[in-house]
file start-v5.cif (mmCIF, C-alpha atoms)
data_model
loop_
_atom_site.label_atom_id
_atom_site.label_comp_id
_atom_site.auth_asym_id
_atom_site.auth_seq_id
_atom_site.Cartn_x
_atom_site.Cartn_y
_atom_site.Cartn_z
CA MET A 1232 0.00 0.00 0.00
CA THR A 1233 1.05 3.55 -0.60
CA THR A 1234 1.38 5.94 2.29
CA GLU A 1235 -0.88 8.48 0.59
CA THR A 1236 -3.52 9.88 2.84
CA SER A 1237 -5.81 11.46 0.27
CA THR A 1238 -8.99 9.45 -0.21
CA ILE A 1239 -9.02 9.84 -3.99
CA ASP A 1240 -5.42 8.75 -4.38
CA ALA A 1241 -5.99 5.81 -2.09
CA LEU A 1242 -8.94 4.68 -4.19
CA ASP A 1243 -7.35 5.38 -7.54
CA PHE A 1244 -3.90 3.94 -7.06
CA PRO A 1245 -3.98 1.07 -4.57
CA ALA A 1246 -0.66 -0.67 -3.96
CA PRO A 1247 0.52 -0.59 -7.55
CA PRO A 1248 2.87 -3.47 -8.38
CA TYR A 1249 3.72 -1.88 -11.70
CA ALA A 1250 6.55 -3.02 -13.92
CA VAL A 1251 7.04 0.51 -15.24
CA ALA A 1252 8.10 3.69 -13.45
CA ASP A 1253 5.45 6.08 -12.17
CA GLU A 1254 6.45 8.56 -14.88
CA VAL A 1255 5.62 5.97 -17.54
CA ALA A 1256 2.28 5.04 -15.98
CA ASP A 1257 1.53 8.78 -15.85
CA LEU A 1258 2.63 9.44 -19.45
CA LEU A 1259 0.69 6.57 -20.98
CA PHE A 1260 -2.37 6.50 -18.75
CA ARG A 1261 -2.80 8.42 -15.53
CA GLU A 1262 -1.81 11.91 -16.61
CA ALA A 1263 -2.53 11.51 -20.32
CA ARG A 1264 -5.45 13.49 -21.69
CA THR A 1265 -7.46 13.71 -24.85
CA VAL A 1266 -6.23 16.86 -26.57
CA GLY A 1267 -8.24 19.06 -28.92
CA ALA A 1268 -5.84 21.94 -29.64
CA PHE A 1269 -2.20 21.66 -30.65
CA THR A 1270 0.89 23.77 -31.27
CA ASP A 1271 2.12 24.34 -34.83
CA GLU A 1272 4.95 21.86 -34.33
CA PRO A 1273 4.66 19.41 -37.22
CA VAL A 1274 4.49 15.64 -36.90
CA SER A 1275 6.91 13.92 -39.25
CA ASP A 1276 6.52 10.72 -41.23
CA GLU A 1277 9.46 9.35 -39.23
CA GLU A 1278 7.55 9.90 -36.00
CA LEU A 1279 4.48 8.14 -37.41
CA ALA A 1280 6.59 5.21 -38.58
CA ALA A 1281 8.09 5.00 -35.10
CA VAL A 1282 4.61 4.98 -33.56
CA TYR A 1283 3.66 2.19 -35.92
CA ASP A 1284 6.79 0.25 -35.04
CA LEU A 1285 5.46 0.02 -31.49
CA LEU A 1286 1.75 -0.54 -32.06
CA LYS A 1287 2.24 -3.15 -34.77
CA TRP A 1288 3.37 -5.69 -32.16
CA GLY A 1289 0.08 -5.56 -30.24
CA PRO A 1290 -1.82 -8.84 -30.59
CA THR A 1291 -4.78 -9.28 -32.94
CA ALA A 1292 -6.89 -12.31 -33.82
CA MET A 1293 -4.90 -14.64 -36.07
CA ASN A 1294 -2.31 -11.84 -36.44
CA THR A 1295 -4.68 -10.18 -38.91
CA THR A 1296 -3.49 -6.65 -37.92
CA PRO A 1297 -6.14 -5.06 -40.19
CA MET A 1298 -5.78 -1.44 -39.03
CA ARG A 1299 -4.87 1.01 -41.78
CA LEU A 1300 -4.07 4.69 -41.34
CA LEU A 1301 -4.71 7.64 -43.65
CA VAL A 1302 -2.37 10.54 -42.93
CA VAL A 1303 -4.12 13.91 -43.33
CA ARG A 1304 -1.61 16.75 -43.22
CA SER A 1305 -2.01 19.10 -46.21
CA ASP A 1306 -4.51 21.95 -46.17
CA ASP A 1307 -6.36 20.35 -49.06
CA ALA A 1308 -6.61 16.95 -47.34
CA LYS A 1309 -7.70 18.58 -44.07
CA ALA A 1310 -10.51 20.42 -45.86
CA ARG A 1311 -11.65 17.23 -47.60
CA LEU A 1312 -11.73 15.39 -44.28
CA ALA A 1313 -13.30 18.20 -42.28
CA ALA A 1314 -16.22 18.27 -44.71
CA HIS A 1315 -17.23 14.88 -43.28
CA ALA A 1316 -16.90 15.81 -39.61
CA ALA A 1317 -19.55 17.02 -37.19
CA GLU A 1318 -19.58 20.78 -36.94
CA GLY A 1319 -17.78 20.91 -33.60
CA ASN A 1320 -14.95 18.76 -34.90
CA ARG A 1321 -14.27 20.55 -38.20
CA ASP A 1322 -12.17 23.37 -36.81
CA ARG A 1323 -10.14 20.92 -34.74
CA ILE A 1324 -9.23 18.93 -37.85
CA LEU A 1325 -8.35 22.09 -39.79
CA ALA A 1326 -6.19 23.37 -36.92
CA ALA A 1327 -4.36 20.18 -35.90
CA PRO A 1328 -0.96 19.60 -37.51
CA LEU A 1329 -2.08 16.14 -38.51
CA THR A 1330 -5.08 13.85 -38.31
CA LEU A 1331 -5.07 10.10 -38.73
CA VAL A 1332 -8.12 8.39 -40.15
CA VAL A 1333 -8.24 4.96 -38.51
CA ALA A 1334 -9.63 2.48 -41.02
CA ALA A 1335 -10.22 -1.27 -41.15
CA ASP A 1336 -9.11 -3.23 -44.21
CA PRO A 1337 -11.61 -5.99 -45.06
CA GLY A 1338 -9.00 -7.18 -47.57
CA PHE A 1339 -6.67 -8.15 -44.71
CA HIS A 1340 -6.96 -11.80 -45.72
CA ARG A 1341 -4.75 -11.18 -48.75
CA HIS A 1342 -1.83 -10.68 -46.37
CA MET A 1343 -2.47 -13.87 -44.38
CA PRO A 1344 0.07 -15.96 -46.34
CA VAL A 1345 2.71 -13.63 -44.89
CA LEU A 1346 1.12 -12.83 -41.51
CA ALA A 1347 -0.06 -16.33 -40.60
CA PRO A 1348 1.12 -18.87 -43.19
CA HIS A 1349 -0.51 -21.75 -41.31
CA LEU A 1350 -3.90 -20.07 -41.74
CA THR A 1351 -3.75 -19.54 -45.50
CA ALA A 1352 -6.57 -22.04 -46.07
CA LEU A 1353 -8.77 -20.06 -43.67
CA ALA A 1354 -7.88 -16.86 -45.49
CA ASP A 1355 -8.92 -18.46 -48.77
CA ALA A 1356 -12.21 -19.51 -47.23
CA LEU A 1357 -12.87 -15.91 -46.22
CA GLU A 1358 -12.52 -14.66 -49.80
CA ASP A 1359 -16.28 -14.77 -50.45
CA GLN A 1360 -17.31 -13.78 -46.90
CA ASP A 1361 -17.44 -9.99 -47.19
CA GLU A 1362 -19.49 -9.44 -44.06
CA GLN A 1363 -17.40 -11.73 -41.89
CA ARG A 1364 -14.18 -10.13 -43.12
CA SER A 1365 -15.59 -6.69 -42.41
CA THR A 1366 -16.47 -7.74 -38.85
CA ILE A 1367 -13.05 -9.27 -38.19
CA ALA A 1368 -11.37 -6.18 -39.65
CA ARG A 1369 -13.45 -3.78 -37.56
CA THR A 1370 -13.05 -5.77 -34.31
CA ASN A 1371 -9.29 -5.99 -34.53
CA THR A 1372 -8.83 -2.45 -35.85
CA LEU A 1373 -10.59 -1.16 -32.74
CA ILE A 1374 -8.34 -3.23 -30.48
CA GLN A 1375 -5.37 -1.83 -32.41
CA THR A 1376 -6.75 1.68 -31.85
CA GLY A 1377 -6.03 1.16 -28.15
CA TYR A 1378 -2.43 0.28 -29.04
CA LEU A 1379 -2.23 3.29 -31.39
CA ILE A 1380 -3.25 5.80 -28.74
CA THR A 1381 -0.83 4.30 -26.21
CA ALA A 1382 1.98 4.22 -28.79
CA LEU A 1383 1.40 7.87 -29.78
CA ARG A 1384 1.87 8.83 -26.15
CA ALA A 1385 4.95 6.60 -25.83
CA THR A 1386 6.37 8.54 -28.77
CA GLY A 1387 5.86 11.87 -27.04
CA LEU A 1388 2.80 12.84 -29.03
CA ASP A 1389 -0.65 13.88 -27.86
CA ALA A 1390 -3.77 12.25 -29.26
CA GLY A 1391 -7.32 13.47 -29.73
CA PRO A 1392 -9.50 10.54 -30.79
CA MET A 1393 -12.89 11.62 -32.16
CA GLY A 1394 -16.01 9.90 -33.35
CA GLY A 1395 -18.53 12.30 -34.81
CA VAL A 1396 -17.44 11.80 -38.40
CA ASP A 1397 -19.43 10.58 -41.39
CA THR A 1398 -17.58 7.32 -42.00
CA ALA A 1399 -19.50 6.54 -45.21
CA GLY A 1400 -18.61 9.98 -46.56
CA ILE A 1401 -14.94 9.52 -45.64
CA ASP A 1402 -14.89 6.10 -47.28
CA ALA A 1403 -16.32 7.53 -50.51
CA GLU A 1404 -13.90 10.47 -50.42
CA PHE A 1405 -10.69 8.59 -49.64
CA PHE A 1406 -11.16 4.82 -49.81
CA ALA A 1407 -13.19 4.18 -52.97
CA GLU A 1408 -10.28 2.27 -54.45
CA SER A 1409 -8.75 0.56 -51.39
CA GLY A 1410 -12.04 -0.51 -49.83
CA TRP A 1411 -10.80 0.53 -46.39
CA GLN A 1412 -13.58 1.28 -43.90
CA SER A 1413 -13.07 4.30 -41.65
CA GLN A 1414 -13.83 3.91 -37.93
CA LEU A 1415 -12.77 7.14 -36.23
CA VAL A 1416 -10.21 9.90 -36.52
CA VAL A 1417 -7.35 10.81 -34.20
CA LEU A 1418 -5.90 14.32 -34.02
CA VAL A 1419 -2.13 14.16 -33.49
CA GLY A 1420 0.35 16.77 -32.35
CA HIS A 1421 1.76 18.46 -29.27
CA ARG A 1422 -0.71 19.92 -26.85
CA ASP A 1423 -1.02 23.68 -26.81
CA GLY A 1424 -0.69 24.28 -23.09
CA VAL A 1425 -2.35 22.49 -20.22
CA GLY A 1426 -5.63 24.35 -20.66
CA THR A 1427 -6.31 22.81 -24.04
CA ALA A 1428 -6.62 19.27 -22.81
CA TYR A 1429 -10.15 18.40 -21.82
CA PRO A 1430 -10.75 18.40 -18.07
CA ARG A 1431 -10.29 15.07 -16.38
CA ALA A 1432 -13.60 13.22 -16.31
CA PRO A 1433 -14.45 10.69 -13.59
CA ARG A 1434 -14.06 6.95 -14.05
CA LEU A 1435 -15.94 3.98 -12.65
CA THR A 1436 -14.20 1.94 -9.95
CA TRP A 1437 -12.87 -1.60 -10.27
CA ALA A 1438 -15.82 -2.73 -8.15
CA ASP A 1439 -18.19 -1.05 -10.63
CA VAL A 1440 -16.79 -2.75 -13.70
CA SER A 1441 -15.85 -6.22 -12.48
CA THR A 1442 -17.44 -9.32 -11.08
CA THR A 1443 -16.03 -12.70 -10.09
CA ALA A 1444 -17.59 -15.95 -11.28
CA MET B 1488 17.03 -4.08 -27.14
CA THR B 1489 19.04 -6.67 -28.93
CA THR B 1490 22.24 -5.75 -30.70
CA GLU B 1491 21.18 -7.68 -33.78
CA THR B 1492 22.36 -6.23 -37.04
CA SER B 1493 19.89 -8.11 -39.21
CA THR B 1494 18.10 -6.18 -41.92
CA ILE B 1495 14.76 -6.82 -40.28
CA ASP B 1496 15.76 -5.05 -37.08
CA ALA B 1497 17.07 -2.12 -39.05
CA LEU B 1498 13.78 -1.82 -40.89
CA ASP B 1499 11.64 -2.41 -37.84
CA PHE B 1500 13.14 0.11 -35.45
CA PRO B 1501 14.21 3.23 -37.33
CA ALA B 1502 15.63 6.09 -35.26
CA PRO B 1503 12.93 5.97 -32.60
CA PRO B 1504 12.17 9.31 -30.95
CA TYR B 1505 10.41 7.58 -28.08
CA ALA B 1506 9.40 9.22 -24.84
CA VAL B 1507 9.90 5.98 -22.93
CA ALA B 1508 13.04 3.92 -22.33
CA ASP B 1509 13.85 1.04 -24.65
CA GLU B 1510 13.04 -1.38 -21.84
CA VAL B 1511 9.52 0.03 -21.62
CA ALA B 1512 8.97 -0.10 -25.38
CA ASP B 1513 10.18 -3.70 -25.26
CA LEU B 1514 8.00 -4.64 -22.28
CA LEU B 1515 4.80 -3.15 -23.64
CA PHE B 1516 5.23 -3.78 -27.35
CA ARG B 1517 8.40 -4.97 -29.02
CA GLU B 1518 9.31 -7.97 -26.89
CA ALA B 1519 5.83 -8.69 -25.54
CA ARG B 1520 4.19 -11.88 -26.72
CA THR B 1521 0.83 -13.53 -26.59
CA VAL B 1522 1.19 -16.25 -23.97
CA GLY B 1523 -0.74 -19.51 -23.83
CA ALA B 1524 0.85 -21.34 -20.87
CA PHE B 1525 1.54 -19.90 -17.45
CA THR B 1526 3.21 -20.73 -14.16
CA ASP B 1527 1.11 -21.53 -11.10
CA GLU B 1528 1.80 -18.12 -9.62
CA PRO B 1529 -1.63 -16.67 -8.79
CA VAL B 1530 -2.91 -13.29 -9.92
CA SER B 1531 -4.41 -11.31 -7.05
CA ASP B 1532 -7.41 -9.04 -6.98
CA GLU B 1533 -5.04 -6.24 -5.98
CA GLU B 1534 -3.05 -6.75 -9.18
CA LEU B 1535 -6.22 -6.68 -11.26
CA ALA B 1536 -7.38 -3.50 -9.56
CA ALA B 1537 -3.97 -1.96 -10.29
CA VAL B 1538 -4.27 -2.95 -13.95
CA TYR B 1539 -7.68 -1.33 -14.05
CA ASP B 1540 -6.34 1.81 -12.41
CA LEU B 1541 -4.14 2.28 -15.48
CA LEU B 1542 -6.46 1.22 -18.28
CA LYS B 1543 -9.45 3.16 -16.98
CA TRP B 1544 -7.81 6.43 -18.05
CA GLY B 1545 -7.67 5.47 -21.71
CA PRO B 1546 -10.05 7.60 -23.78
CA THR B 1547 -13.44 6.35 -24.99
CA ALA B 1548 -16.25 8.06 -26.88
CA MET B 1549 -18.09 10.42 -24.55
CA ASN B 1550 -16.18 8.82 -21.64
CA THR B 1551 -18.57 5.89 -21.86
CA THR B 1552 -15.89 3.39 -20.66
CA PRO B 1553 -18.27 0.45 -21.24
CA MET B 1554 -15.78 -2.39 -20.78
CA ARG B 1555 -16.65 -4.84 -18.02
CA LEU B 1556 -14.53 -7.74 -16.81
CA LEU B 1557 -15.54 -11.12 -15.43
CA VAL B 1558 -12.79 -12.67 -13.30
CA VAL B 1559 -12.59 -16.44 -13.76
CA ARG B 1560 -10.30 -18.00 -11.18
CA SER B 1561 -11.98 -20.91 -9.36
CA ASP B 1562 -11.95 -24.42 -10.79
CA ASP B 1563 -15.72 -24.33 -11.07
CA ALA B 1564 -15.75 -21.04 -12.94
CA LYS B 1565 -12.96 -22.18 -15.27
CA ALA B 1566 -14.94 -25.31 -16.15
CA ARG B 1567 -18.09 -23.26 -16.82
CA LEU B 1568 -16.15 -20.92 -19.09
CA ALA B 1569 -14.12 -23.62 -20.85
CA ALA B 1570 -17.36 -25.34 -21.88
CA HIS B 1571 -17.97 -22.37 -24.21
CA ALA B 1572 -14.48 -22.28 -25.74
CA ALA B 1573 -13.23 -23.86 -28.94
CA GLU B 1574 -11.56 -27.18 -28.27
CA GLY B 1575 -8.03 -25.88 -28.63
CA ASN B 1576 -8.66 -23.14 -26.09
CA ARG B 1577 -10.35 -25.21 -23.35
CA ASP B 1578 -7.20 -26.61 -21.80
CA ARG B 1579 -5.57 -23.19 -21.79
CA ILE B 1580 -8.46 -21.73 -19.80
CA LEU B 1581 -8.42 -24.65 -17.35
CA ALA B 1582 -4.64 -24.33 -16.88
CA ALA B 1583 -4.23 -20.55 -16.66
CA PRO B 1584 -4.27 -19.06 -13.15
CA LEU B 1585 -6.92 -16.62 -14.26
CA THR B 1586 -8.97 -15.68 -17.30
CA LEU B 1587 -10.76 -12.40 -17.86
CA VAL B 1588 -13.91 -12.35 -19.93
CA VAL B 1589 -13.97 -8.98 -21.66
CA ALA B 1590 -17.56 -7.82 -21.97
CA ALA B 1591 -19.38 -4.72 -23.18
CA ASP B 1592 -22.12 -3.20 -21.04
CA PRO B 1593 -24.99 -1.87 -23.18
CA GLY B 1594 -26.31 -0.35 -19.98
CA PHE B 1595 -23.35 2.05 -19.85
CA HIS B 1596 -25.72 4.98 -20.33
CA ARG B 1597 -26.96 4.63 -16.75
CA HIS B 1598 -23.55 5.81 -15.59
CA MET B 1599 -23.46 8.87 -17.87
CA PRO B 1600 -24.73 11.30 -15.21
CA VAL B 1601 -21.48 10.54 -13.36
CA LEU B 1602 -19.14 9.94 -16.32
CA ALA B 1603 -20.29 12.83 -18.54
CA PRO B 1604 -22.84 15.00 -16.71
CA HIS B 1605 -23.15 17.38 -19.68
CA LEU B 1606 -24.35 14.46 -21.82
CA THR B 1607 -27.12 13.23 -19.54
CA ALA B 1608 -29.79 14.23 -22.06
CA LEU B 1609 -28.07 12.15 -24.71
CA ALA B 1610 -27.90 9.22 -22.30
CA ASP B 1611 -31.64 9.53 -21.71
CA ALA B 1612 -32.25 9.55 -25.45
CA LEU B 1613 -30.32 6.27 -25.74
CA GLU B 1614 -32.60 4.51 -23.24
CA ASP B 1615 -34.81 3.01 -25.96
CA GLN B 1616 -32.02 2.50 -28.51
CA ASP B 1617 -30.84 -0.99 -27.63
CA GLU B 1618 -29.00 -1.61 -30.87
CA GLN B 1619 -27.21 1.72 -30.85
CA ARG B 1620 -26.16 1.26 -27.24
CA SER B 1621 -24.89 -2.21 -28.02
CA THR B 1622 -22.79 -0.85 -30.90
CA ILE B 1623 -21.34 1.99 -28.82
CA ALA B 1624 -20.58 -0.44 -25.99
CA ARG B 1625 -18.88 -2.94 -28.30
CA THR B 1626 -16.85 -0.30 -30.18
CA ASN B 1627 -15.45 1.29 -27.07
CA THR B 1628 -14.94 -1.97 -25.21
CA LEU B 1629 -12.70 -3.15 -28.05
CA ILE B 1630 -10.68 0.07 -27.90
CA GLN B 1631 -10.38 -0.45 -24.14
CA THR B 1632 -9.18 -4.00 -24.80
CA GLY B 1633 -6.06 -2.47 -26.34
CA TYR B 1634 -5.54 -0.49 -23.13
CA LEU B 1635 -6.19 -3.61 -21.05
CA ILE B 1636 -3.52 -5.68 -22.77
CA THR B 1637 -0.99 -2.85 -22.51
CA ALA B 1638 -1.87 -2.25 -18.85
CA LEU B 1639 -1.51 -5.96 -17.99
CA ARG B 1640 2.01 -5.84 -19.38
CA ALA B 1641 2.76 -2.60 -17.54
CA THR B 1642 1.75 -4.44 -14.36
CA GLY B 1643 4.23 -7.23 -14.99
CA LEU B 1644 1.64 -9.72 -16.18
CA ASP B 1645 1.46 -11.72 -19.40
CA ALA B 1646 -1.68 -11.77 -21.51
CA GLY B 1647 -3.15 -14.33 -23.86
CA PRO B 1648 -6.12 -12.77 -25.69
CA MET B 1649 -8.30 -15.33 -27.47
CA GLY B 1650 -11.31 -15.27 -29.70
CA GLY B 1651 -12.67 -18.72 -30.43
CA VAL B 1652 -15.29 -18.64 -27.70
CA ASP B 1653 -19.06 -18.96 -27.95
CA THR B 1654 -20.01 -15.45 -26.82
CA ALA B 1655 -23.75 -16.19 -26.78
CA GLY B 1656 -23.11 -19.22 -24.60
CA ILE B 1657 -20.93 -17.19 -22.23
CA ASP B 1658 -23.56 -14.46 -22.03
CA ALA B 1659 -26.24 -17.01 -21.11
CA GLU B 1660 -23.95 -18.67 -18.56
CA PHE B 1661 -22.64 -15.58 -16.79
CA PHE B 1662 -24.45 -12.43 -17.90
CA ALA B 1663 -28.16 -13.32 -17.95
CA GLU B 1664 -28.79 -10.81 -15.20
CA SER B 1665 -26.32 -8.03 -16.00
CA GLY B 1666 -26.91 -8.00 -19.76
CA TRP B 1667 -23.19 -7.71 -20.40
CA GLN B 1668 -22.11 -8.91 -23.86
CA SER B 1669 -18.90 -10.93 -24.02
CA GLN B 1670 -16.38 -10.06 -26.75
CA LEU B 1671 -13.28 -12.17 -26.11
CA VAL B 1672 -11.31 -13.73 -23.27
CA VAL B 1673 -7.82 -12.94 -22.02
CA LEU B 1674 -5.68 -15.48 -20.19
CA VAL B 1675 -3.64 -13.76 -17.46
CA GLY B 1676 -0.61 -14.90 -15.51
CA HIS B 1677 3.15 -15.19 -15.68
CA ARG B 1678 4.61 -16.92 -18.69
CA ASP B 1679 5.95 -20.41 -18.13
CA GLY B 1680 9.34 -20.02 -19.79
CA VAL B 1681 10.22 -18.39 -23.08
CA GLY B 1682 9.17 -21.43 -25.08
CA THR B 1683 5.53 -21.08 -24.13
CA ALA B 1684 5.01 -17.75 -25.82
CA TYR B 1685 3.90 -18.13 -29.39
CA PRO B 1686 6.67 -17.54 -31.93
CA ARG B 1687 6.95 -14.00 -33.19
CA ALA B 1688 4.83 -13.62 -36.32
CA PRO B 1689 5.71 -11.08 -39.04
CA ARG B 1690 4.05 -7.69 -39.27
CA LEU B 1691 3.20 -5.44 -42.20
CA THR B 1692 5.38 -2.37 -42.72
CA TRP B 1693 4.36 1.26 -42.23
CA ALA B 1694 4.31 1.59 -46.03
CA ASP B 1695 1.92 -1.36 -46.24
CA VAL B 1696 -0.62 0.03 -43.81
CA SER B 1697 -0.55 3.77 -44.45
CA THR B 1698 -1.33 6.23 -47.17
CA THR B 1699 -1.21 10.03 -47.31
CA ALA B 1700 -4.13 12.06 -48.62
#

call {"tool": "encode", "arguments": {"input": "start-v5.cif", "output": "structure tokens"}}
result
Amino acid sequence: MTTETSTIDALDFPAPPYAVADEVADLLFREARTVGAFTDEPVSDEELAAVYDLLKWGPTAMNTTPMRLLVVRSDDAKARLAAHAAEGNRDRILAAPLTLVVAADPGFHRHMPVLAPHLTALADALEDQDEQRSTIARTNTLIQTGYLITALRATGLDAGPMGGVDTAGIDAEFFAESGWQSQLVVLVGHRDGVGTAYPRAPRLTWADVSTTA
Amino acid sequence: MTTETSTIDALDFPAPPYAVADEVADLLFREARTVGAFTDEPVSDEELAAVYDLLKWGPTAMNTTPMRLLVVRSDDAKARLAAHAAEGNRDRILAAPLTLVVAADPGFHRHMPVLAPHLTALADALEDQDEQRSTIARTNTLIQTGYLITALRATGLDAGPMGGVDTAGIDAEFFAESGWQSQLVVLVGHRDGVGTAYPRAPRLTWADVSTTA
């Protein structure tokens, strides 16, 4: 147990047996915030590749790793994306140095001979199963989204994940050829001062969210 | 980090500008593995609560945080769960010190007055929208699953996420009253030697998974 005497701290951080330093737990989780406004500091392709080189190792079903990312950085691309965002989110996309569109690739099975050679027969069987492939792609892309947000933070970047986009509109605008299916967007950059992160919202307790069989 | 000079390492880890030490990047991502066989060392409720006290801070849409966890630790509970797993996964559930059933709570909206007080009207509007609530719960539970797996590793635990379970059967067995909807299961424990982690499978490159608008 910690020697903290504050009630909130005692509830929030009981006897942590963590394998990472407090600073890491803070950076990735406890002090991290969803950010909506960023400095002008650009985000390079090298930084994004480094983020990917962490998140790619996160486990997915059958190693399908179906998450795909559209990098939106130019003024033109920002405008095209913002047109498909809810009104409150448009300005954020236009202002952020970079936005990632997180998409699922229902054509993931074409990579299975490389990703999971022992499952090539299963991949072949999925060829005509559009709906099933779409479900597998979406499920595992969302799990990978959790890795993405953690990996962005581990790379010193701030993230602002947002729903509130017209995914069908985005797919028609950007993915007509690839067939990728957009799920959400993530603003990426460096936060513009503490005040621009959203205020910390409460969380449910372990007792609220768990039960033992 | 290894000192390997192979081409693959050079491609995989280019000039990383990470905000965490190499050991942390390795622990959480690069050297982490899906584990299927564990030592007998138990996993305590305190450890699970500590894991939760990291993952709970990961962002979700409207702070819905709909992930719920069933803790399966007793022999009886393991047997009840294993009965709903694909044959290859049954023995793993019976042998692991603990398995978490990751479930989505479509009743998440009842917590919105606490989690997002400014969205209480929206939560009320969702009351009669079972399908929409189920989709929101599933989407955000899967994103939280990415946080869960990372947080388990940050707490010094190994994780073995598995699909291949009969989710409808699990829901009938364990969640008839709560209405939780199971998504996948995660074996939890300490890996039983290096050989029991699955071999490292290849990953797609950043160029494979990304495009710029």

call {"tool": "atom_distance", "arguments": {"input": "start-v5.cif", "atom1": "atom CA of B:Gly1666", "atom2": "atom CA of A:Gln1363"}}
result
24.4 Å

call {"tool": "atom_distance", "arguments": {"input": "start-v5.cif", "atom1": "atom CA of B:Thr1628", "atom2": "atom CA of B:Ala1591"}}
result
5.6 Å

call {"tool": "interface_residues", "arguments": {"input": "start-v5.cif", "of": "chain A", "to": "chain B", "cutoff": "6 Å", "atoms": "all atoms listed in the file", "output": "ChimeraX atom specification"}}
result
/A:1247,1249-1251,1260-1261,1280-1281,1285,1288,1299-1303,1308,1346,1373-1374,1376-1378,1385-1387,1433,1437,1440-1444

call {"tool": "atom_distance", "arguments": {"input": "start-v5.cif", "atom1": "atom CA of B:Ala1524", "atom2": "atom CA of B:Pro1584"}}
result
9.5 Å

call {"tool": "resolve_selection", "arguments": {"input": "start-v5.cif", "expression": "the PyMOL selection byres ((chain A and resi 1269) around 6)", "output": "list in words"}}
result
Ala1268, Thr1270, Ala1327, Gly1420, His1421, Arg1422 and Asp1423 of chain A

call {"tool": "resolve_selection", "arguments": {"input": "start-v5.cif", "expression": "the PyMOL selection byres ((chain A and resi 1356-1361) around 12)", "output": "list in words"}}
result
Asp1336, Pro1337, Gly1338, Phe1339, His1340, Arg1341, His1342, Met1343, Leu1350, Thr1351, Ala1352, Leu1353, Ala1354, Asp1355, Glu1362, Gln1363, Arg1364, Ser1365, Thr1366, Ile1367, Ala1368 and Gly1410 of chain A

call {"tool": "write_last_selection", "arguments": {"input": "start-v5.cif", "atoms": "C-alpha atoms", "output": "PDB file, in the coordinates of the input"}}
result
ATOM      1  CA  ASP A1336      -9.110  -3.230 -44.210  1.00  0.00           C
ATOM      2  CA  PRO A1337     -11.610  -5.990 -45.060  1.00  0.00           C
ATOM      3  CA  GLY A1338      -9.000  -7.180 -47.570  1.00  0.00           C
ATOM      4  CA  PHE A1339      -6.670  -8.150 -44.710  1.00  0.00           C
ATOM      5  CA  HIS A1340      -6.960 -11.800 -45.720  1.00  0.00           C
ATOM      6  CA  ARG A1341      -4.750 -11.180 -48.750  1.00  0.00           C
ATOM      7  CA  HIS A1342      -1.830 -10.680 -46.370  1.00  0.00           C
ATOM      8  CA  MET A1343      -2.470 -13.870 -44.380  1.00  0.00           C
ATOM      9  CA  LEU A1350      -3.900 -20.070 -41.740  1.00  0.00           C
ATOM     10  CA  THR A1351      -3.750 -19.540 -45.500  1.00  0.00           C
ATOM     11  CA  ALA A1352      -6.570 -22.040 -46.070  1.00  0.00           C
ATOM     12  CA  LEU A1353      -8.770 -20.060 -43.670  1.00  0.00           C
ATOM     13  CA  ALA A1354      -7.880 -16.860 -45.490  1.00  0.00           C
ATOM     14  CA  ASP A1355      -8.920 -18.460 -48.770  1.00  0.00           C
ATOM     15  CA  GLU A1362     -19.490  -9.440 -44.060  1.00  0.00           C
ATOM     16  CA  GLN A1363     -17.400 -11.730 -41.890  1.00  0.00           C
ATOM     17  CA  ARG A1364     -14.180 -10.130 -43.120  1.00  0.00           C
ATOM     18  CA  SER A1365     -15.590  -6.690 -42.410  1.00  0.00           C
ATOM     19  CA  THR A1366     -16.470  -7.740 -38.850  1.00  0.00           C
ATOM     20  CA  ILE A1367     -13.050  -9.270 -38.190  1.00  0.00           C
ATOM     21  CA  ALA A1368     -11.370  -6.180 -39.650  1.00  0.00           C
ATOM     22  CA  GLY A1410     -12.040  -0.510 -49.830  1.00  0.00           C
TER      23      GLY A1410
END

call {"tool": "closest_residue", "arguments": {"input": "start-v5.cif", "among": "A:Asp1389, A:Asp1397, A:Leu1325, A:Gly1424", "to": "A:Gln1412", "atoms": "all atoms listed in the file"}}
result
A:Asp1397

call {"tool": "closest_residue", "arguments": {"input": "start-v5.cif", "among": "B:Ala1570, B:Leu1671, B:Ile1657, B:Val1530", "to": "B:Leu1585", "atoms": "all atoms listed in the file"}}
result
B:Val1530
